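Data block for work14.cif (mmCIF, C-alpha atoms):
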```cif
data_input
loop_
_atom_site.group_PDB
_atom_site.id
_atom_site.type_symbol
_atom_site.label_atom_id
_atom_site.label_comp_id
_atom_site.auth_asym_id
_atom_site.auth_seq_id
_atom_site.Cartn_x
_atom_site.Cartn_y
_atom_site.Cartn_z
ATOM 1 C CA MET C 1 0.000 0.000 0.000
ATOM 2 C CA ILE C 2 1.304 3.457 -0.882
ATOM 3 C CA SER C 3 1.975 5.554 2.222
ATOM 4 C CA SER C 4 0.465 8.985 2.743
ATOM 5 C CA LEU C 5 3.915 10.470 2.024
ATOM 6 C CA GLY C 6 4.080 8.516 -1.212
ATOM 7 C CA ILE C 7 0.662 9.774 -2.261
ATOM 8 C CA GLN C 8 1.681 13.325 -1.376
ATOM 9 C CA LEU C 9 4.865 13.006 -3.431
ATOM 10 C CA LEU C 10 3.023 11.533 -6.394
ATOM 11 C CA ASN C 11 0.526 14.378 -6.239
ATOM 12 C CA LEU C 12 3.350 16.931 -6.077
ATOM 13 C CA TYR C 13 5.246 15.291 -8.941
ATOM 14 C CA PHE C 14 2.094 15.225 -11.025
ATOM 15 C CA LYS C 15 1.622 18.947 -10.493
ATOM 16 C CA LEU C 16 5.293 19.843 -10.986
ATOM 17 C CA ALA C 17 5.834 17.588 -13.977
ATOM 18 C CA GLY C 18 2.476 18.509 -15.488
ATOM 19 C CA GLY C 19 3.202 22.230 -15.352
ATOM 20 C CA VAL C 20 6.797 21.915 -16.545
ATOM 21 C CA VAL C 21 5.963 19.483 -19.361
ATOM 22 C CA LEU C 22 3.148 21.766 -20.522
ATOM 23 C CA GLY C 23 5.656 24.612 -20.486
ATOM 24 C CA LEU C 24 8.142 22.573 -22.528
ATOM 25 C CA VAL C 25 5.522 21.828 -25.175
ATOM 26 C CA LEU C 26 4.338 25.437 -25.288
ATOM 27 C CA GLY C 27 7.930 26.636 -25.417
ATOM 28 C CA TRP C 28 8.600 24.505 -28.470
ATOM 29 C CA LYS C 29 5.342 25.479 -30.218
ATOM 30 C CA LEU C 30 4.839 29.140 -29.377
ATOM 31 C CA PRO C 31 6.900 32.084 -30.683
ATOM 32 C CA GLU C 32 10.129 32.886 -28.880
ATOM 33 C CA VAL C 33 8.576 35.985 -27.306
ATOM 34 C CA ALA C 34 5.963 33.902 -25.425
ATOM 35 C CA PRO C 35 8.210 32.946 -22.449
ATOM 36 C CA ALA C 36 9.274 36.578 -22.152
ATOM 37 C CA TYR C 37 5.669 37.815 -22.012
ATOM 38 C CA LEU C 38 4.672 35.174 -19.463
ATOM 39 C CA GLY C 39 7.760 35.963 -17.425
ATOM 40 C CA LYS C 40 6.908 39.657 -17.393
ATOM 41 C CA PHE C 41 3.348 38.924 -16.268
ATOM 42 C CA LEU C 42 4.593 36.734 -13.414
ATOM 43 C CA PHE C 43 7.342 39.204 -12.485
ATOM 44 C CA TRP C 44 5.146 42.288 -12.368
ATOM 45 C CA ILE C 45 1.740 40.873 -11.381
ATOM 46 C CA GLY C 46 1.445 37.123 -10.716
ATOM 47 C CA VAL C 47 4.177 36.552 -8.147
ATOM 48 C CA PRO C 48 3.685 39.870 -6.253
ATOM 49 C CA VAL C 49 -0.071 39.257 -5.907
ATOM 50 C CA GLY C 50 0.646 35.677 -4.823
ATOM 51 C CA ILE C 51 3.020 36.901 -2.128
ATOM 52 C CA VAL C 52 0.402 39.279 -0.736
ATOM 53 C CA ALA C 53 -2.235 36.521 -0.807
ATOM 54 C CA PHE C 54 -0.175 33.789 0.854
ATOM 55 C CA LEU C 55 1.146 36.125 3.524
ATOM 56 C CA ARG C 56 -2.451 36.578 4.737
ATOM 57 C CA GLY C 57 -2.584 32.984 5.995
ATOM 58 C CA ALA C 58 1.054 32.629 7.023
ATOM 59 C CA ASP C 59 2.187 32.201 10.604
ATOM 60 C CA LEU C 60 4.832 34.834 11.410
ATOM 61 C CA SER C 61 5.311 33.801 15.016
ATOM 62 C CA GLY C 62 8.399 32.126 16.391
ATOM 63 C CA SER C 63 11.972 32.498 15.209
ATOM 64 C CA ILE C 64 11.139 33.245 11.581
ATOM 65 C CA TRP C 65 14.180 35.526 11.343
ATOM 66 C CA ILE C 66 16.263 32.352 11.227
ATOM 67 C CA ALA C 67 14.987 31.732 7.665
ATOM 68 C CA PRO C 68 16.986 34.569 6.023
ATOM 69 C CA ALA C 69 19.915 33.872 8.367
ATOM 70 C CA ALA C 70 19.885 30.257 7.167
ATOM 71 C CA ALA C 71 19.711 31.486 3.581
ATOM 72 C CA TRP C 72 22.857 33.544 4.022
ATOM 73 C CA ALA C 73 24.581 30.694 5.815
ATOM 74 C CA ALA C 74 23.768 28.495 2.815
ATOM 75 C CA ILE C 75 25.016 31.142 0.371
ATOM 76 C CA ILE C 76 28.292 31.631 2.232
ATOM 77 C CA LEU C 77 28.894 27.922 2.789
ATOM 78 C CA GLY C 78 28.104 27.141 -0.843
ATOM 79 C CA ALA C 79 30.464 29.848 -2.066
ATOM 80 C CA GLY C 80 33.205 28.706 0.323
ATOM 81 C CA LEU C 81 33.000 25.061 -0.722
ATOM 82 C CA ALA C 82 32.818 26.039 -4.384
ATOM 83 C CA TRP C 83 35.916 28.206 -4.084
ATOM 84 C CA ALA C 84 37.812 25.414 -2.305
ATOM 85 C CA TRP C 85 36.978 23.032 -5.164
ATOM 86 C CA ILE C 86 38.021 25.642 -7.743
ATOM 87 C CA GLU C 87 41.376 26.005 -6.019
ATOM 88 C CA ILE C 88 41.925 22.244 -5.927
ATOM 89 C CA GLU C 89 40.794 21.682 -9.522
ATOM 90 C CA SER C 90 42.755 24.597 -10.996
ATOM 91 C CA LYS C 91 45.955 23.317 -9.346
ATOM 92 C CA ARG C 92 45.282 19.750 -10.429
ATOM 93 C CA ASN C 93 44.549 20.759 -14.008
ATOM 94 C CA PRO C 94 45.955 24.246 -14.749
ATOM 95 C CA SER C 95 44.699 24.151 -18.342
ATOM 96 C CA GLY C 96 41.214 22.866 -17.460
ATOM 97 C CA LEU C 97 37.887 24.647 -17.398
ATOM 98 C CA MET C 98 38.275 25.823 -13.803
ATOM 99 C CA SER C 99 41.334 27.857 -14.753
ATOM 100 C CA SER C 100 38.962 30.178 -16.612
ATOM 101 C CA LYS C 101 37.726 33.186 -14.647
ATOM 102 C CA PRO C 102 34.269 33.210 -16.325
ATOM 103 C CA ALA C 103 33.817 29.507 -15.501
ATOM 104 C CA GLN C 104 34.889 30.124 -11.908
ATOM 105 C CA GLY C 105 32.321 32.900 -11.536
ATOM 106 C CA THR C 106 29.511 30.766 -12.932
ATOM 107 C CA PHE C 107 30.507 27.842 -10.727
ATOM 108 C CA LEU C 108 30.416 30.026 -7.612
ATOM 109 C CA ILE C 109 27.031 31.589 -8.352
ATOM 110 C CA ALA C 110 25.437 28.244 -9.275
ATOM 111 C CA ALA C 111 26.561 26.832 -5.922
ATOM 112 C CA MET C 112 25.197 29.836 -3.993
ATOM 113 C CA VAL C 113 21.633 30.716 -4.977
ATOM 114 C CA GLY C 114 18.692 28.472 -5.814
ATOM 115 C CA ASN C 115 15.323 28.732 -7.539
ATOM 116 C CA THR C 116 13.569 29.460 -4.251
ATOM 117 C CA GLY C 117 10.775 31.467 -5.881
ATOM 118 C CA TYR C 118 9.175 29.969 -8.987
ATOM 119 C CA LEU C 119 10.026 26.407 -7.905
ATOM 120 C CA GLY C 120 10.425 26.829 -4.157
ATOM 121 C CA TYR C 121 7.032 28.415 -3.544
ATOM 122 C CA PRO C 122 4.854 25.659 -5.060
ATOM 123 C CA VAL C 123 6.963 22.903 -3.484
ATOM 124 C CA ILE C 124 6.781 24.432 0.006
ATOM 125 C CA LEU C 125 3.060 25.144 -0.282
ATOM 126 C CA ALA C 126 2.363 21.589 -1.431
ATOM 127 C CA LEU C 127 4.520 19.790 1.141
ATOM 128 C CA VAL C 128 4.595 22.119 4.143
ATOM 129 C CA GLY C 129 1.422 24.165 3.756
ATOM 130 C CA ASP C 130 0.518 27.847 3.579
ATOM 131 C CA LYS C 131 0.742 28.222 7.361
ATOM 132 C CA TYR C 132 4.536 27.958 7.112
ATOM 133 C CA PHE C 133 4.884 29.612 3.714
ATOM 134 C CA ALA C 134 6.386 32.713 5.340
ATOM 135 C CA TRP C 135 9.529 30.718 6.168
ATOM 136 C CA ALA C 136 10.078 30.042 2.478
ATOM 137 C CA LEU C 137 9.178 33.618 1.608
ATOM 138 C CA PHE C 138 11.593 35.175 4.115
ATOM 139 C CA TYR C 139 14.302 32.796 2.872
ATOM 140 C CA ASP C 140 13.726 33.920 -0.717
ATOM 141 C CA MET C 141 13.104 37.644 -0.260
ATOM 142 C CA LEU C 142 15.794 38.406 2.333
ATOM 143 C CA GLY C 143 18.261 35.710 1.309
ATOM 144 C CA THR C 144 18.217 34.529 -2.291
ATOM 145 C CA LEU C 145 17.198 37.852 -3.836
ATOM 146 C CA PHE C 146 19.987 39.813 -2.152
ATOM 147 C CA GLY C 147 22.408 36.925 -2.604
ATOM 148 C CA ALA C 148 21.803 36.777 -6.345
ATOM 149 C CA TYR C 149 21.653 40.482 -7.175
ATOM 150 C CA GLY C 150 23.928 41.646 -4.376
ATOM 151 C CA LEU C 151 26.814 39.270 -3.744
ATOM 152 C CA GLY C 152 26.154 37.524 -7.069
ATOM 153 C CA VAL C 153 26.634 40.783 -8.979
ATOM 154 C CA VAL C 154 29.881 41.470 -7.140
ATOM 155 C CA LEU C 155 31.229 38.025 -8.024
ATOM 156 C CA ALA C 156 30.007 38.254 -11.621
ATOM 157 C CA ALA C 157 31.748 41.604 -12.052
ATOM 158 C CA ARG C 158 34.912 40.197 -10.471
ATOM 159 C CA PHE C 159 35.111 37.068 -12.623
ATOM 160 C CA GLY C 160 33.335 38.239 -15.781
ATOM 161 C CA ILE C 161 34.713 40.111 -18.744
ATOM 162 C CA GLY C 162 31.627 42.136 -19.623
ATOM 163 C CA THR C 163 30.977 45.829 -19.402
ATOM 164 C CA GLN C 164 27.606 45.665 -17.623
ATOM 165 C CA ASN C 165 27.300 48.329 -14.947
ATOM 166 C CA SER C 166 27.300 46.501 -11.590
ATOM 167 C CA TRP C 167 25.319 49.222 -9.845
ATOM 168 C CA GLN C 168 22.710 49.168 -12.589
ATOM 169 C CA LEU C 169 22.107 45.421 -12.234
ATOM 170 C CA ALA C 170 22.144 45.638 -8.438
ATOM 171 C CA PHE C 171 19.502 48.382 -8.680
ATOM 172 C CA VAL C 172 17.243 45.860 -10.427
ATOM 173 C CA MET C 173 16.976 44.104 -7.069
ATOM 174 C CA LEU C 174 15.474 47.192 -5.445
ATOM 175 C CA GLN C 175 13.038 47.570 -8.351
ATOM 176 C CA ASN C 176 11.845 43.980 -7.978
ATOM 177 C CA PRO C 177 8.064 44.152 -7.423
ATOM 178 C CA ALA C 178 8.176 40.942 -5.376
ATOM 179 C CA LEU C 179 10.267 42.751 -2.775
ATOM 180 C CA TRP C 180 7.752 45.611 -2.584
ATOM 181 C CA ALA C 181 4.863 43.135 -2.482
ATOM 182 C CA PHE C 182 6.587 41.422 0.415
ATOM 183 C CA GLY C 183 6.608 44.654 2.419
ATOM 184 C CA PHE C 184 3.077 45.599 1.394
ATOM 185 C CA GLY C 185 1.802 42.122 2.230
ATOM 186 C CA LEU C 186 3.239 42.356 5.735
ATOM 187 C CA ILE C 187 1.410 45.640 6.263
ATOM 188 C CA VAL C 188 -2.030 44.562 5.007
ATOM 189 C CA ARG C 189 -1.989 40.874 5.972
ATOM 190 C CA ASN C 190 -4.497 41.435 8.807
ATOM 191 C CA VAL C 191 -6.816 43.745 6.870
ATOM 192 C CA ALA C 192 -10.205 42.060 6.509
ATOM 193 C CA LEU C 193 -11.529 41.532 2.981
ATOM 194 C CA PRO C 194 -14.993 40.471 1.761
ATOM 195 C CA VAL C 195 -15.244 36.707 1.376
ATOM 196 C CA LEU C 196 -15.526 36.874 -2.415
ATOM 197 C CA ALA C 197 -12.517 39.179 -2.699
ATOM 198 C CA GLU C 198 -10.469 36.835 -0.507
ATOM 199 C CA GLU C 199 -11.454 33.841 -2.641
ATOM 200 C CA ILE C 200 -10.561 35.647 -5.861
ATOM 201 C CA LEU C 201 -7.213 36.724 -4.399
ATOM 202 C CA GLN C 202 -6.347 33.165 -3.343
ATOM 203 C CA ALA C 203 -7.481 31.703 -6.683
ATOM 204 C CA PHE C 204 -5.329 34.207 -8.557
ATOM 205 C CA ALA C 205 -2.351 33.378 -6.349
ATOM 206 C CA TRP C 206 -2.641 29.624 -6.933
ATOM 207 C CA GLY C 207 -3.141 30.210 -10.643
ATOM 208 C CA SER C 208 0.055 32.267 -10.730
ATOM 209 C CA LEU C 209 1.980 29.407 -9.113
ATOM 210 C CA ALA C 210 0.703 27.047 -11.803
ATOM 211 C CA LEU C 211 1.824 29.511 -14.469
ATOM 212 C CA ALA C 212 5.232 29.758 -12.757
ATOM 213 C CA LEU C 213 5.731 26.018 -13.329
ATOM 214 C CA VAL C 214 4.692 26.444 -16.966
ATOM 215 C CA HIS C 215 7.199 29.291 -17.230
ATOM 216 C CA ILE C 216 9.983 27.058 -15.902
ATOM 217 C CA GLY C 217 9.192 24.546 -18.639
ATOM 218 C CA MET C 218 9.176 27.256 -21.299
ATOM 219 C CA ARG C 219 12.544 28.527 -20.107
ATOM 220 C CA LEU C 220 13.981 25.012 -20.083
ATOM 221 C CA SER C 221 12.718 24.461 -23.634
ATOM 222 C CA ARG C 222 15.078 27.240 -24.761
ATOM 223 C CA LEU C 223 18.156 25.624 -23.210
ATOM 224 C CA SER C 224 20.100 23.990 -26.009
ATOM 225 C CA SER C 225 23.326 22.887 -24.311
ATOM 226 C CA TRP C 226 24.147 20.221 -21.743
ATOM 227 C CA GLY C 227 27.894 20.575 -21.972
ATOM 228 C CA SER C 228 30.226 21.089 -18.995
ATOM 229 C CA LEU C 229 28.374 18.327 -17.164
ATOM 230 C CA GLN C 230 31.218 17.350 -14.814
ATOM 231 C CA PRO C 231 31.807 20.777 -13.227
ATOM 232 C CA ALA C 232 28.048 21.372 -13.209
ATOM 233 C CA ALA C 233 27.541 18.120 -11.305
ATOM 234 C CA MET C 234 30.090 19.209 -8.685
ATOM 235 C CA SER C 235 28.392 22.575 -8.305
ATOM 236 C CA LEU C 236 25.033 20.851 -7.895
ATOM 237 C CA GLY C 237 26.506 18.452 -5.356
ATOM 238 C CA ILE C 238 27.568 21.411 -3.241
ATOM 239 C CA LYS C 239 24.331 23.374 -3.731
ATOM 240 C CA MET C 240 21.755 20.586 -3.503
ATOM 241 C CA LEU C 241 23.415 17.947 -1.291
ATOM 242 C CA ILE C 242 26.245 19.101 0.976
ATOM 243 C CA VAL C 243 24.887 22.504 2.041
ATOM 244 C CA PRO C 244 21.331 21.314 2.913
ATOM 245 C CA LEU C 245 22.690 18.274 4.747
ATOM 246 C CA VAL C 246 25.211 20.195 6.856
ATOM 247 C CA LEU C 247 23.049 23.201 7.712
ATOM 248 C CA GLY C 248 19.846 21.168 7.936
ATOM 249 C CA ALA C 249 21.448 18.974 10.576
ATOM 250 C CA GLY C 250 22.367 22.056 12.599
ATOM 251 C CA LEU C 251 18.991 23.827 12.580
ATOM 252 C CA PRO C 252 17.458 21.718 15.403
ATOM 253 C CA PHE C 253 20.174 23.044 17.728
ATOM 254 C CA LEU C 254 18.648 26.500 17.132
ATOM 255 C CA GLY C 255 15.205 25.202 18.029
ATOM 256 C CA ILE C 256 13.986 24.903 14.423
ATOM 257 C CA THR C 257 12.113 21.636 13.978
ATOM 258 C CA GLY C 258 9.029 20.315 12.215
ATOM 259 C CA PRO C 259 7.540 22.086 9.161
ATOM 260 C CA PRO C 260 9.734 25.229 9.424
ATOM 261 C CA HIS C 261 12.813 22.979 9.462
ATOM 262 C CA LEU C 262 11.676 21.143 6.350
ATOM 263 C CA ALA C 263 10.770 24.398 4.578
ATOM 264 C CA ILE C 264 14.277 25.796 5.085
ATOM 265 C CA VAL C 265 16.002 22.550 4.048
ATOM 266 C CA LEU C 266 13.945 22.324 0.864
ATOM 267 C CA GLN C 267 14.766 25.933 -0.006
ATOM 268 C CA MET C 268 18.450 25.174 0.504
ATOM 269 C CA ALA C 269 18.161 22.163 -1.799
ATOM 270 C CA MET C 270 16.589 24.039 -4.716
ATOM 271 C CA PRO C 271 18.444 23.854 -8.067
ATOM 272 C CA PRO C 272 20.433 26.885 -9.249
ATOM 273 C CA ALA C 273 18.363 29.984 -9.835
ATOM 274 C CA PHE C 274 17.667 31.372 -13.295
ATOM 275 C CA ALA C 275 19.569 34.405 -12.005
ATOM 276 C CA THR C 276 22.665 32.303 -12.757
ATOM 277 C CA LEU C 277 21.808 32.614 -16.453
ATOM 278 C CA VAL C 278 20.973 36.313 -16.126
ATOM 279 C CA LEU C 279 24.342 37.095 -14.555
ATOM 280 C CA ALA C 280 26.196 34.846 -16.999
ATOM 281 C CA GLU C 281 24.672 36.764 -19.918
ATOM 282 C CA ALA C 282 25.216 40.191 -18.373
ATOM 283 C CA TYR C 283 28.850 39.636 -17.420
ATOM 284 C CA ASN C 284 30.015 37.183 -20.092
ATOM 285 C CA LEU C 285 30.539 34.358 -17.653
ATOM 286 C CA ASP C 286 30.528 30.725 -18.811
ATOM 287 C CA ARG C 287 27.071 30.451 -20.393
ATOM 288 C CA ASP C 288 27.486 26.768 -21.219
ATOM 289 C CA LEU C 289 28.201 25.903 -17.600
ATOM 290 C CA ALA C 290 25.292 28.094 -16.423
ATOM 291 C CA VAL C 291 22.844 26.415 -18.819
ATOM 292 C CA THR C 292 23.992 22.924 -17.844
ATOM 293 C CA ALA C 293 23.790 23.632 -14.095
ATOM 294 C CA VAL C 294 20.273 25.102 -14.317
ATOM 295 C CA ALA C 295 18.924 22.350 -16.589
ATOM 296 C CA ALA C 296 20.563 19.410 -14.781
ATOM 297 C CA GLY C 297 19.628 20.844 -11.386
ATOM 298 C CA SER C 298 15.990 21.242 -12.335
ATOM 299 C CA VAL C 299 15.819 17.581 -13.365
ATOM 300 C CA GLY C 300 17.923 16.370 -10.431
ATOM 301 C CA PHE C 301 15.695 18.079 -7.893
ATOM 302 C CA LEU C 302 12.893 15.620 -8.586
ATOM 303 C CA LEU C 303 15.293 12.781 -7.790
ATOM 304 C CA ILE C 304 16.722 14.266 -4.609
ATOM 305 C CA LEU C 305 13.440 15.529 -3.116
ATOM 306 C CA PRO C 306 12.424 12.152 -1.571
ATOM 307 C CA VAL C 307 15.832 11.962 0.110
ATOM 308 C CA TRP C 308 15.252 15.187 2.034
ATOM 309 C CA LEU C 309 11.757 14.103 3.004
ATOM 310 C CA TRP C 310 13.158 10.796 4.243
ATOM 311 C CA ILE C 311 15.977 12.417 6.240
ATOM 312 C CA PHE C 312 14.125 15.380 7.724
ATOM 313 C CA GLY C 313 10.548 14.086 7.506
ATOM 314 C CA LEU C 314 7.262 15.841 7.203
#
```

Turn this file's structure into structure tokens for me.
Amino acid sequence: MISSLGIQLLNLYFKLAGGVVLGLVLGWKLPEVAPAYLGKFLFWIGVPVGIVAFLRGADLSGSIWIAPAAAWAAIILGAGLAWAWIEIESKRNPSGLMSSKPAQGTFLIAAMVGNTGYLGYPVILALVGDKYFAWALFYDMLGTLFGAYGLGVVLAARFGIGTQNSWQLAFVMLQNPALWAFGFGLIVRNVALPVLAEEILQAFAWGSLALALVHIGMRLSRLSSWGSLQPAAMSLGIKMLIVPLVLGAGLPFLGITGPPHLAIVLQMAMPPAFATLVLAEAYNLDRDLAVTAVAAGSVGFLLILPVWLWIFGL
């Protein structure tokens, strides 16, 4: 007999795979501008409205500040382990890929920040529930976002060979509507709404999450290279295995257990963020390595997810 966890996983996989596969098909069939238009809708409207909606039912009590602290611990640990491997590999093979500055920058960023928004949100909501969604949200908004477009920009400028203005790209972070929606949602989360308005808001939010999965599939349909698999696999091992295992094991010592614990671990285990591709394009980092890490990580997450549920439980 299939356990309740097995049924829950099958249900989640059906939703994730269904949305992503639909996105792949649409990405292959629709004009190239379609993913861009959907992405803009989600960026400016869908995700911000979803954040406001899900914050209304989220529990903000307890030590929720640990979520962004854990995010930064994961970013720093991932970057540290990635740099140690770069040092070892570049000495072992001075003429190899890791001797290239653009490849080093991509490797570092891929090991640091994950897809804690478009993929993290639906996974956390499905497995942990909307009551603890704020843990995932604080992790993403105060951790991943600043890690990608703050520290990530600094590293990209250091290792890249492009001419993109670092301050200009960093300013994009402050213009991110999700960040403003996060603040607005905290302010109005206790404001009473008519029942119909609340139902429409929640329906729109869940619909936006479904579209986010479709958008992931459409983005993946445009990835044409799976080269640089070996260094990508090492980066993913750091990002999706070592960091969640080490930091996840330490969270109970800070009093974080149960659903909040699982929410943070799953956010740590997310595959590299699409921001890896954005920074690689903007700063002429190793695009091939960025594409491979994002694509392989997105597929590998489905394989590694049961492991985290088995280790840290529901």

What are the closest atom pairs, with distances in Å to one decimal, for all residues of region 260-286 of chain C lying within 12 Å of region 242-254 of chain C? Consider only C-alpha atoms, order rows by chain and residue number, and present the result as CSV.
```
residue,atom,partner,partner_atom,distance
C:Pro260,CA,C:Leu251,CA,9.9
C:His261,CA,C:Leu251,CA,7.0
C:Leu262,CA,C:Gly248,CA,8.3
C:Ala263,CA,C:Gly248,CA,10.2
C:Ile264,CA,C:Gly248,CA,7.8
C:Val265,CA,C:Pro244,CA,5.6
C:Leu266,CA,C:Pro244,CA,7.7
C:Gln267,CA,C:Pro244,CA,8.5
C:Met268,CA,C:Pro244,CA,5.4
C:Ala269,CA,C:Pro244,CA,5.7
C:Met270,CA,C:Pro244,CA,9.4
C:Pro271,CA,C:Pro244,CA,11.6
```

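What separates CA of Pro272 (chain C) from CA of Val294 (chain C) is a distance of 5.4 Å.
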
Give me the residues within 12 Å of region 174-186 of chain C as a PDB file with C-alpha atoms, in the coordinates of the input, counting all atoms listed in the file and dropping any in the same chain fewer than 6 places off.
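out.pdb, freshly written:
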```
ATOM      1  CA  LYS C  40       6.908  39.657 -17.393  1.00  0.00           C
ATOM      2  CA  PHE C  41       3.348  38.924 -16.268  1.00  0.00           C
ATOM      3  CA  LEU C  42       4.593  36.734 -13.414  1.00  0.00           C
ATOM      4  CA  PHE C  43       7.342  39.204 -12.485  1.00  0.00           C
ATOM      5  CA  TRP C  44       5.146  42.288 -12.368  1.00  0.00           C
ATOM      6  CA  ILE C  45       1.740  40.873 -11.381  1.00  0.00           C
ATOM      7  CA  GLY C  46       1.445  37.123 -10.716  1.00  0.00           C
ATOM      8  CA  VAL C  47       4.177  36.552  -8.147  1.00  0.00           C
ATOM      9  CA  PRO C  48       3.685  39.870  -6.253  1.00  0.00           C
ATOM     10  CA  VAL C  49      -0.071  39.257  -5.907  1.00  0.00           C
ATOM     11  CA  GLY C  50       0.646  35.677  -4.823  1.00  0.00           C
ATOM     12  CA  ILE C  51       3.020  36.901  -2.128  1.00  0.00           C
ATOM     13  CA  VAL C  52       0.402  39.279  -0.736  1.00  0.00           C
ATOM     14  CA  ALA C  53      -2.235  36.521  -0.807  1.00  0.00           C
ATOM     15  CA  PHE C  54      -0.175  33.789   0.854  1.00  0.00           C
ATOM     16  CA  LEU C  55       1.146  36.125   3.524  1.00  0.00           C
ATOM     17  CA  ARG C  56      -2.451  36.578   4.737  1.00  0.00           C
ATOM     18  CA  GLY C  57      -2.584  32.984   5.995  1.00  0.00           C
ATOM     19  CA  ALA C  58       1.054  32.629   7.023  1.00  0.00           C
ATOM     20  CA  ASP C  59       2.187  32.201  10.604  1.00  0.00           C
ATOM     21  CA  LEU C  60       4.832  34.834  11.410  1.00  0.00           C
ATOM     22  CA  GLY C 117      10.775  31.467  -5.881  1.00  0.00           C
ATOM     23  CA  TYR C 118       9.175  29.969  -8.987  1.00  0.00           C
ATOM     24  CA  ALA C 134       6.386  32.713   5.340  1.00  0.00           C
ATOM     25  CA  LEU C 137       9.178  33.618   1.608  1.00  0.00           C
ATOM     26  CA  PHE C 138      11.593  35.175   4.115  1.00  0.00           C
ATOM     27  CA  TYR C 139      14.302  32.796   2.872  1.00  0.00           C
ATOM     28  CA  ASP C 140      13.726  33.920  -0.717  1.00  0.00           C
ATOM     29  CA  MET C 141      13.104  37.644  -0.260  1.00  0.00           C
ATOM     30  CA  LEU C 142      15.794  38.406   2.333  1.00  0.00           C
ATOM     31  CA  GLY C 143      18.261  35.710   1.309  1.00  0.00           C
ATOM     32  CA  THR C 144      18.217  34.529  -2.291  1.00  0.00           C
ATOM     33  CA  LEU C 145      17.198  37.852  -3.836  1.00  0.00           C
ATOM     34  CA  PHE C 146      19.987  39.813  -2.152  1.00  0.00           C
ATOM     35  CA  TYR C 149      21.653  40.482  -7.175  1.00  0.00           C
ATOM     36  CA  GLY C 150      23.928  41.646  -4.376  1.00  0.00           C
ATOM     37  CA  TRP C 167      25.319  49.222  -9.845  1.00  0.00           C
ATOM     38  CA  GLN C 168      22.710  49.168 -12.589  1.00  0.00           C
TER      39      GLN C 168
END
```

Give as a ChimeraX atom specification the residues that the PyMOL selection byres ((chain C and resi 102) around 8) matches when applied to the coordinates above.
-> /C:100-101,103-106,159-161,284-286

Atomic separation - CA of Ile109 (chain C) relative to CA of Ala70 (chain C), Å = 17.1 Å

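Among the candidates C:Tyr283, C:Phe14, C:Trp310, C:Phe204, the residue lying nearest to Ala157 (chain C) is C:Tyr283 (atoms considered: only C-alpha atoms).
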
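CA of Ala282 (chain C) to CA of Phe301 (chain C) spans 26.3 Å [interatomic distance, one decimal].
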
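If all atoms listed in the file are the atoms counted, then among C:Pro68, C:Gly300, C:Pro231, C:Gly27 the closest residue to Ser99 (chain C) is C:Pro231.
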
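Of the residues under consideration (C:Phe312, C:Trp206, C:Phe107, C:Tyr132), C:Phe107 shows the shortest atom-to-atom contact distance to Ala280 (chain C) when counting only C-alpha atoms.
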
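If you measure from each of C:Val153, C:Leu77, C:Ala136, C:Leu16 to Val299 (chain C) using only C-alpha atoms, the closest one turns out to be C:Leu16.
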
Using only C-alpha atoms: which of C:Gly152, C:Gly39, C:Gly23, C:Pro94 has the shortest distance to Val113 (chain C) = C:Gly152

Would you mind putting back N, CA, C and O atoms on region 144-151 of chain C, then writing it out as a short mmCIF file (atom, residue, chain, number, x, y, z; two decimals), in the frame of the given file?
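Result written to selection04.cif:
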```cif
data_model
loop_
_atom_site.label_atom_id
_atom_site.label_comp_id
_atom_site.auth_asym_id
_atom_site.auth_seq_id
_atom_site.Cartn_x
_atom_site.Cartn_y
_atom_site.Cartn_z
N THR C 144 17.88 34.80 -0.90
CA THR C 144 18.22 34.53 -2.29
C THR C 144 18.27 35.79 -3.14
O THR C 144 19.20 35.98 -3.94
N LEU C 145 17.26 36.65 -3.00
CA LEU C 145 17.20 37.85 -3.84
C LEU C 145 18.43 38.72 -3.66
O LEU C 145 19.07 39.14 -4.64
N PHE C 146 18.81 38.99 -2.41
CA PHE C 146 19.99 39.81 -2.15
C PHE C 146 21.27 39.04 -2.47
O PHE C 146 22.26 39.64 -2.88
N GLY C 147 21.23 37.72 -2.27
CA GLY C 147 22.41 36.92 -2.60
C GLY C 147 22.70 36.92 -4.09
O GLY C 147 23.85 37.01 -4.51
N ALA C 148 21.63 36.83 -4.90
CA ALA C 148 21.80 36.78 -6.34
C ALA C 148 22.20 38.13 -6.92
O ALA C 148 23.17 38.25 -7.68
N TYR C 149 21.43 39.17 -6.56
CA TYR C 149 21.65 40.48 -7.18
C TYR C 149 22.47 41.43 -6.29
O TYR C 149 22.59 42.60 -6.60
N GLY C 150 23.00 40.90 -5.21
CA GLY C 150 23.93 41.65 -4.38
C GLY C 150 25.30 41.02 -4.49
O GLY C 150 26.15 41.43 -5.30
N LEU C 151 25.53 39.97 -3.71
CA LEU C 151 26.81 39.27 -3.74
C LEU C 151 27.06 38.65 -5.12
O LEU C 151 28.20 38.63 -5.61
#
```
